[in-house]
$ cat model-v2.txt   # compact mmCIF, C-alpha atoms
# COMPACT_ATOMS: atom_id res chain seq x y z
CA MET U 1 -19.29 -33.40 75.57
CA GLY U 2 -16.39 -35.72 75.02
CA SER U 3 -15.01 -37.07 71.83
CA PRO U 4 -16.95 -39.82 70.08
CA ASP U 5 -15.79 -43.41 70.13
CA THR U 6 -13.47 -43.85 67.12
CA SER U 7 -15.39 -46.82 65.76
CA MET U 8 -18.70 -44.94 66.06
CA ALA U 9 -17.25 -41.89 64.32
CA ASP U 10 -15.79 -44.08 61.57
CA ARG U 11 -19.14 -45.81 61.08
CA VAL U 12 -20.91 -42.43 60.90
CA ARG U 13 -18.40 -41.26 58.29
CA ALA U 14 -19.21 -44.40 56.26
CA LEU U 15 -22.94 -43.67 56.54
CA VAL U 16 -22.33 -40.10 55.38
CA ALA U 17 -20.26 -41.38 52.45
CA ALA U 18 -23.13 -43.66 51.42
CA HIS U 19 -25.54 -40.70 51.34
CA ARG U 20 -23.21 -37.83 50.44
CA GLY U 21 -24.76 -37.22 47.03
CA ASP U 22 -28.34 -37.37 48.32
CA ARG U 23 -30.31 -34.16 48.51
CA GLY U 24 -31.26 -33.51 52.14
CA ALA U 25 -29.00 -36.31 53.35
CA LEU U 26 -29.03 -35.34 57.03
CA LEU U 27 -32.37 -36.93 57.95
CA PRO U 28 -31.70 -40.30 56.27
CA ILE U 29 -28.24 -40.37 57.85
CA LEU U 30 -29.65 -39.59 61.30
CA HIS U 31 -32.20 -42.37 60.90
CA ARG U 32 -29.44 -44.80 59.93
CA VAL U 33 -27.30 -43.69 62.90
CA GLN U 34 -30.23 -44.25 65.25
CA GLU U 35 -31.01 -47.65 63.67
CA GLU U 36 -27.44 -48.76 64.07
CA PHE U 37 -26.60 -47.41 67.53
CA GLY U 38 -30.06 -46.98 69.06
CA TYR U 39 -29.50 -43.25 69.56
CA VAL U 40 -27.70 -40.22 68.13
CA ASP U 41 -24.78 -39.59 70.44
CA PRO U 42 -24.39 -35.82 70.95
CA ASP U 43 -20.64 -36.31 70.49
CA LEU U 44 -21.35 -37.32 66.88
CA VAL U 45 -22.96 -33.95 66.04
CA PRO U 46 -19.60 -32.29 65.22
CA VAL U 47 -18.61 -35.29 63.08
CA LEU U 48 -21.87 -35.10 61.12
CA ALA U 49 -21.58 -31.32 60.78
CA ARG U 50 -18.02 -31.52 59.49
CA GLU U 51 -18.75 -34.37 57.07
CA LEU U 52 -21.90 -32.72 55.67
CA ASN U 53 -20.48 -29.17 55.68
CA LEU U 54 -23.22 -27.99 58.03
CA SER U 55 -23.01 -26.06 61.26
CA ARG U 56 -23.19 -27.93 64.54
CA ALA U 57 -26.28 -25.85 65.33
CA ASP U 58 -28.00 -27.09 62.15
CA VAL U 59 -27.35 -30.74 63.00
CA HIS U 60 -28.24 -30.28 66.69
CA GLY U 61 -31.43 -28.46 65.71
CA VAL U 62 -32.62 -31.34 63.54
CA VAL U 63 -31.73 -33.97 66.15
CA THR U 64 -33.58 -32.11 68.91
CA PHE U 65 -36.56 -31.03 66.78
CA TYR U 66 -37.70 -34.54 65.82
CA SER U 67 -38.89 -36.58 68.79
CA ASP U 68 -37.93 -39.86 67.11
CA PHE U 69 -34.24 -39.11 67.65
CA ARG U 70 -32.75 -39.95 71.05
CA ALA U 71 -29.61 -38.50 72.61
CA GLU U 72 -29.09 -41.59 74.76
CA PRO U 73 -29.92 -45.27 74.43
CA ALA U 74 -33.52 -46.29 75.13
CA GLY U 75 -34.48 -48.93 77.64
CA ARG U 76 -34.88 -52.55 76.65
CA THR U 77 -38.62 -51.83 76.33
CA VAL U 78 -40.09 -48.64 74.87
CA LEU U 79 -43.55 -47.57 75.99
CA ARG U 80 -45.12 -44.79 73.91
CA LEU U 81 -48.39 -43.39 75.27
CA CYS U 82 -50.77 -41.61 72.88
CA ARG U 83 -51.61 -38.09 74.03
CA ALA U 84 -53.71 -36.97 71.05
CA GLU U 85 -57.15 -35.50 71.64
CA ALA U 86 -59.17 -38.68 71.12
CA CYS U 87 -57.08 -40.58 73.66
CA GLN U 88 -57.09 -37.62 76.05
CA SER U 89 -60.88 -37.65 76.00
CA VAL U 90 -60.94 -41.22 77.32
CA GLY U 91 -58.25 -41.05 80.00
CA ALA U 92 -54.79 -40.74 78.43
CA GLU U 93 -53.62 -38.14 80.96
CA ARG U 94 -54.67 -40.36 83.86
CA LEU U 95 -52.84 -43.24 82.19
CA LEU U 96 -49.72 -41.11 81.77
CA ALA U 97 -49.81 -40.03 85.43
CA HIS U 98 -50.11 -43.69 86.44
CA ALA U 99 -47.23 -44.75 84.16
CA GLU U 100 -44.95 -42.02 85.52
CA GLN U 101 -45.78 -42.97 89.10
CA ALA U 102 -45.53 -46.73 88.55
CA LEU U 103 -42.24 -46.51 86.63
CA GLY U 104 -40.75 -43.70 88.72
CA VAL U 105 -39.81 -41.67 85.62
CA LYS U 106 -41.15 -38.73 83.63
CA LEU U 107 -41.82 -38.62 79.89
CA GLY U 108 -38.62 -39.05 77.91
CA GLN U 109 -36.83 -40.84 80.71
CA THR U 110 -35.66 -44.41 81.19
CA THR U 111 -36.07 -46.37 84.41
CA PRO U 112 -32.85 -46.52 86.46
CA ASP U 113 -32.46 -50.24 85.70
CA GLY U 114 -32.65 -49.51 81.95
CA SER U 115 -35.73 -51.68 81.48
CA ILE U 116 -38.33 -49.19 80.20
CA THR U 117 -38.26 -45.85 78.38
CA LEU U 118 -41.46 -43.79 78.62
CA GLU U 119 -42.29 -41.68 75.58
CA GLN U 120 -45.29 -39.86 74.15
CA VAL U 121 -46.75 -39.95 70.69
CA PHE U 122 -49.49 -37.83 69.20
CA CYS U 123 -51.67 -40.40 67.46
CA LEU U 124 -51.22 -44.05 66.75
CA GLY U 125 -54.23 -44.15 64.44
CA ASN U 126 -56.09 -46.16 67.06
CA CYS U 127 -58.59 -43.50 68.13
CA ALA U 128 -61.59 -45.80 68.47
CA LEU U 129 -59.74 -47.96 71.02
CA GLY U 130 -58.21 -45.23 73.17
CA PRO U 131 -56.45 -44.64 75.31
CA ALA U 132 -53.79 -46.31 73.21
CA ALA U 133 -50.12 -47.06 73.60
CA GLN U 134 -47.34 -48.73 71.70
CA LEU U 135 -45.20 -51.24 73.56
CA ASP U 136 -42.10 -52.23 71.59
CA GLY U 137 -43.94 -51.56 68.35
CA ARG U 138 -47.12 -53.43 69.33
CA VAL U 139 -50.19 -51.20 69.53
CA LEU U 140 -52.42 -51.67 72.57
CA GLY U 141 -55.88 -50.21 73.05
CA ARG U 142 -58.54 -49.61 75.68
CA LEU U 143 -55.88 -49.19 78.32
CA ASP U 144 -56.41 -48.29 81.93
CA PRO U 145 -53.81 -48.44 84.72
CA ASP U 146 -54.43 -52.13 85.47
CA ARG U 147 -54.26 -53.15 81.81
CA LEU U 148 -51.09 -51.12 81.31
CA ASP U 149 -49.49 -52.79 84.34
CA ALA U 150 -50.46 -56.19 82.95
CA ALA U 151 -48.99 -55.39 79.54
CA LEU U 152 -45.76 -54.33 81.21
CA GLY U 153 -45.67 -57.54 83.22
CA ARG U 154 -46.20 -55.58 86.43
CA ALA U 155 -49.64 -56.96 87.24
CA PRO U 156 -50.61 -57.27 90.90
CA ALA U 157 -50.52 -60.77 92.39
CA GLY U 158 -53.50 -62.83 91.27
CA ALA U 159 -54.11 -60.80 88.13
CA PRO U 160 -54.36 -62.58 84.77
CA ALA U 161 -51.16 -62.92 82.77
CA PRO U 162 -50.41 -60.24 80.18
CA GLY U 163 -51.33 -60.99 76.61
CA ARG U 164 -54.92 -62.03 77.26
CA VAL U 165 -57.13 -60.17 74.91
CA ALA U 166 -60.43 -58.38 75.33
CA PRO U 167 -63.18 -58.95 72.77
CA GLY U 168 -62.55 -57.22 69.45
CA GLY U 169 -58.88 -56.64 69.83
CA VAL U 170 -56.46 -59.26 68.49
CA ALA U 171 -54.18 -58.39 65.60
CA GLY U 172 -55.26 -60.17 62.47
CA HIS U 173 -58.65 -61.22 63.83
CA SER U 174 -61.98 -59.64 63.11
CA ALA U 175 -63.07 -56.80 65.31
CA PRO U 176 -66.72 -55.99 65.91
CA GLY U 177 -68.32 -55.10 62.59
CA GLY U 178 -66.05 -57.47 60.68
CA ALA U 179 -63.09 -55.06 60.33
CA ALA U 180 -59.64 -56.49 60.87
CA SER U 181 -58.06 -55.12 64.00
CA THR U 182 -54.37 -54.37 64.33
CA THR U 183 -54.61 -53.54 67.99
CA GLU U 184 -54.53 -55.66 71.10
CA ALA U 185 -56.74 -54.73 74.01
CA VAL U 186 -55.18 -56.24 77.10
CA ASN U 187 -57.55 -57.84 79.60
CA SER U 188 -57.33 -56.77 83.20
$ encode --input "model-v2.txt" --output "structure tokens"
Amino acid sequence: MGSPDTSMADRVRALVAAHRGDRGALLPILHRVQEEFGYVDPDLVPVLARELNLSRADVHGVVTFYSDFRAEPAGRTVLRLCRAEACQSVGAERLLAHAEQALGVKLGQTTPDGSITLEQVFCLGNCALGPAAQLDGRVLGRLDPDRLDAALGRAPAGAPAPGRVAPGGVAGHSAPGGAASTTEAVNS
């Protein structure tokens, strides 16, 4: 570990000052750090520990325990694949294997060109339309390898453009049964 960038450390000190009187201030501060910088630089752990009068181990433990915190910047696009039981029962593991192979990365990694970070999540609340994923905050359902490739803009030649929607799956439109759907199902 090196020393943190002075401007980053100064900004973190300002965030700590804004939350110093809060009970349990570490989590809100970490969220603010991640919002501002896109990740929690490991070099900032000693700064946070010192400012909050915590041990480095305490701060490091919180950062590494919660999967929402990153130790390095994410790619320009973040793909989060659901691996909860409902999605597993309809092909989530096959989808994950395809994503890892197609992107050339494992879970938690970013493609070498910095374009896509592959992450997992354990439930997007989209169980009826599994396997599900979240692509830059947009929930997608009924995914298979071809539909995932299309959503990522990596469709094979001659395939329909991404963004086309299968029946019952456009955000804000009625799904079968009249319920509003907040999930897109990408056509293959």
$ residues_around --input "model-v2.txt" --residues "range 105-116 of chain U" --least-positions-apart "5" --cutoff "6 Å" --atoms "only C-alpha atoms" --output "list in words"
Gly75, Arg76, Thr77, Val78 and Glu100 of chain U
$ closest_residue --input "model-v2.txt" --among "U:Glu119, U:Asp58, U:Asp43, U:Glu35" --to "Leu96 in chain U" --atoms "only C-alpha atoms"
U:Glu119
$ atom_distance --input "model-v2.txt" --atom1 "CA of Gly130 in chain U" --atom2 "CA of Leu95 in chain U"
10.7 Å
$ atom_distance --input "model-v2.txt" --atom1 "CA of Leu140 in chain U" --atom2 "CA of His98 in chain U"
16.2 Å
$ residues_around --input "model-v2.txt" --residues "range 20-23 of chain U" --least-positions-apart "4" --cutoff "9 Å" --atoms "only C-alpha atoms" --output "PyMOL selection string"
chain U and resi 15-16+51-52
$ closest_residue --input "model-v2.txt" --among "U:Gly137, U:Gly24, U:Pro145, U:Pro46" --to "Ala9 in chain U" --atoms "all atoms listed in the file"
U:Pro46
$ residues_around --input "model-v2.txt" --residues "Arg80 in chain U" --least-positions-apart "2" --cutoff "7 Å" --atoms "all atoms listed in the file" --output "list in words"
Val78, Cys82, Leu118, Glu119, Gln120, Val121, Ala133, Gln134 and Leu135 of chain U
$ residues_around --input "model-v2.txt" --residues "range 68-71 of chain U" --least-positions-apart "2" --cutoff "12 Å" --atoms "all atoms listed in the file" --output "number ranges by chain"
U: 1, 27-35, 37-45, 59-66, 73-75, 78, 80, 108-110, 117, 119-122
$ closest_residue --input "model-v2.txt" --among "U:Leu143, U:Leu124, U:Ser67, U:Asn53" --to "Gly91 in chain U" --atoms "all atoms listed in the file"
U:Leu143
$ atom_distance --input "model-v2.txt" --atom1 "CA of Arg83 in chain U" --atom2 "CA of Val139 in chain U"
13.9 Å
$ closest_residue --input "model-v2.txt" --among "U:Ala128, U:Leu48, U:Ala57, U:Ala102" --to "Leu148 in chain U" --atoms "only C-alpha atoms"
U:Ala102
$ closest_residue --input "model-v2.txt" --among "U:Leu79, U:Val47, U:Arg147, U:Ser55" --to "Thr6 in chain U" --atoms "all atoms listed in the file"
U:Val47
$ closest_residue --input "model-v2.txt" --among "U:Ala86, U:Leu26, U:Leu81, U:Ala150" --to "Ala49 in chain U" --atoms "only C-alpha atoms"
U:Leu26
$ decode --input "model-v2.txt" --residues "range 69-101 of chain U" --atoms "N, CA, C and O atoms" --output "compact mmCIF listing (two decimals), in the first residue's frame"
# COMPACT_ATOMS: atom_id res chain seq x y z
N PHE U 69 -18.91 -2.60 -1.40
CA PHE U 69 -17.71 -1.76 -1.41
C PHE U 69 -16.65 -2.39 -2.30
O PHE U 69 -16.38 -3.58 -2.23
N ARG U 70 -16.03 -1.56 -3.13
CA ARG U 70 -14.97 -2.01 -4.03
C ARG U 70 -13.63 -1.45 -3.57
O ARG U 70 -13.57 -0.32 -3.12
N ALA U 71 -12.57 -2.20 -3.81
CA ALA U 71 -11.22 -1.75 -3.49
C ALA U 71 -10.53 -1.14 -4.70
O ALA U 71 -9.42 -0.63 -4.60
N GLU U 72 -11.19 -1.20 -5.85
CA GLU U 72 -10.65 -0.59 -7.06
C GLU U 72 -11.82 -0.12 -7.92
O GLU U 72 -12.94 -0.60 -7.75
N PRO U 73 -11.57 0.80 -8.82
CA PRO U 73 -12.68 1.32 -9.64
C PRO U 73 -13.35 0.22 -10.46
O PRO U 73 -12.69 -0.71 -10.93
N ALA U 74 -14.65 0.33 -10.63
CA ALA U 74 -15.39 -0.61 -11.47
C ALA U 74 -15.23 -0.21 -12.93
O ALA U 74 -14.79 0.90 -13.25
N GLY U 75 -15.62 -1.11 -13.80
CA GLY U 75 -15.61 -0.82 -15.23
C GLY U 75 -16.67 0.22 -15.56
O GLY U 75 -17.51 0.57 -14.73
N ARG U 76 -16.66 0.66 -16.79
CA ARG U 76 -17.64 1.66 -17.23
C ARG U 76 -19.06 1.09 -17.14
O ARG U 76 -20.02 1.82 -16.96
N THR U 77 -19.19 -0.23 -17.28
CA THR U 77 -20.46 -0.93 -17.16
C THR U 77 -20.32 -1.96 -16.06
O THR U 77 -19.30 -2.64 -15.97
N VAL U 78 -21.35 -2.07 -15.21
CA VAL U 78 -21.35 -3.07 -14.14
C VAL U 78 -22.48 -4.06 -14.42
O VAL U 78 -23.63 -3.67 -14.53
N LEU U 79 -22.10 -5.33 -14.53
CA LEU U 79 -23.05 -6.42 -14.74
C LEU U 79 -23.11 -7.24 -13.46
O LEU U 79 -22.10 -7.80 -13.04
N ARG U 80 -24.28 -7.28 -12.85
CA ARG U 80 -24.49 -8.06 -11.62
C ARG U 80 -25.45 -9.20 -11.94
O ARG U 80 -26.60 -8.96 -12.30
N LEU U 81 -24.98 -10.42 -11.82
CA LEU U 81 -25.80 -11.60 -12.10
C LEU U 81 -26.39 -12.13 -10.81
O LEU U 81 -25.68 -12.30 -9.81
N CYS U 82 -27.69 -12.42 -10.82
CA CYS U 82 -28.36 -12.97 -9.64
C CYS U 82 -27.99 -14.44 -9.51
O CYS U 82 -28.10 -15.21 -10.47
N ARG U 83 -27.59 -14.83 -8.30
CA ARG U 83 -27.23 -16.22 -8.03
C ARG U 83 -28.07 -16.81 -6.91
O ARG U 83 -27.71 -17.81 -6.31
N ALA U 84 -29.21 -16.20 -6.62
CA ALA U 84 -30.11 -16.73 -5.60
C ALA U 84 -30.78 -18.00 -6.13
O ALA U 84 -30.73 -18.31 -7.32
N GLU U 85 -31.41 -18.72 -5.22
CA GLU U 85 -31.95 -20.03 -5.55
C GLU U 85 -32.93 -20.03 -6.71
O GLU U 85 -32.87 -20.90 -7.58
N ALA U 86 -33.85 -19.08 -6.75
CA ALA U 86 -34.83 -19.06 -7.83
C ALA U 86 -34.15 -18.91 -9.19
O ALA U 86 -34.51 -19.60 -10.15
N CYS U 87 -33.16 -18.05 -9.27
CA CYS U 87 -32.45 -17.87 -10.54
C CYS U 87 -31.57 -19.08 -10.84
O CYS U 87 -31.45 -19.49 -12.00
N GLN U 88 -30.97 -19.68 -9.81
CA GLN U 88 -30.18 -20.88 -10.03
C GLN U 88 -31.02 -21.99 -10.64
O GLN U 88 -30.57 -22.73 -11.50
N SER U 89 -32.27 -22.09 -10.21
CA SER U 89 -33.13 -23.17 -10.68
C SER U 89 -33.50 -23.03 -12.15
O SER U 89 -33.97 -24.00 -12.76
N VAL U 90 -33.28 -21.86 -12.73
CA VAL U 90 -33.61 -21.66 -14.14
C VAL U 90 -32.40 -21.26 -14.98
O VAL U 90 -32.55 -20.67 -16.05
N GLY U 91 -31.19 -21.59 -14.51
CA GLY U 91 -30.02 -21.43 -15.35
C GLY U 91 -29.02 -20.36 -15.01
O GLY U 91 -28.17 -20.03 -15.84
N ALA U 92 -29.05 -19.81 -13.82
CA ALA U 92 -28.12 -18.73 -13.46
C ALA U 92 -26.66 -19.17 -13.51
O ALA U 92 -25.80 -18.40 -13.94
N GLU U 93 -26.37 -20.39 -13.10
CA GLU U 93 -24.98 -20.85 -13.09
C GLU U 93 -24.45 -21.01 -14.51
O GLU U 93 -23.29 -20.69 -14.80
N ARG U 94 -25.31 -21.46 -15.41
CA ARG U 94 -24.92 -21.58 -16.82
C ARG U 94 -24.67 -20.18 -17.39
O ARG U 94 -23.73 -19.94 -18.15
N LEU U 95 -25.52 -19.23 -17.00
CA LEU U 95 -25.37 -17.85 -17.44
C LEU U 95 -24.06 -17.25 -16.91
O LEU U 95 -23.34 -16.57 -17.65
N LEU U 96 -23.75 -17.52 -15.66
CA LEU U 96 -22.50 -17.03 -15.08
C LEU U 96 -21.30 -17.62 -15.82
O LEU U 96 -20.36 -16.89 -16.17
N ALA U 97 -21.32 -18.92 -16.07
CA ALA U 97 -20.21 -19.56 -16.78
C ALA U 97 -20.04 -18.92 -18.16
O ALA U 97 -18.90 -18.65 -18.60
N HIS U 98 -21.14 -18.65 -18.84
CA HIS U 98 -21.08 -18.00 -20.15
C HIS U 98 -20.49 -16.59 -20.02
O HIS U 98 -19.63 -16.21 -20.82
N ALA U 99 -20.95 -15.83 -19.04
CA ALA U 99 -20.46 -14.45 -18.87
C ALA U 99 -18.96 -14.45 -18.60
O ALA U 99 -18.22 -13.65 -19.18
N GLU U 100 -18.51 -15.34 -17.72
CA GLU U 100 -17.07 -15.40 -17.42
C GLU U 100 -16.26 -15.74 -18.67
O GLU U 100 -15.22 -15.14 -18.93
N GLN U 101 -16.77 -16.69 -19.45
CA GLN U 101 -16.05 -17.10 -20.66
C GLN U 101 -16.08 -15.98 -21.70
O GLN U 101 -15.07 -15.63 -22.28
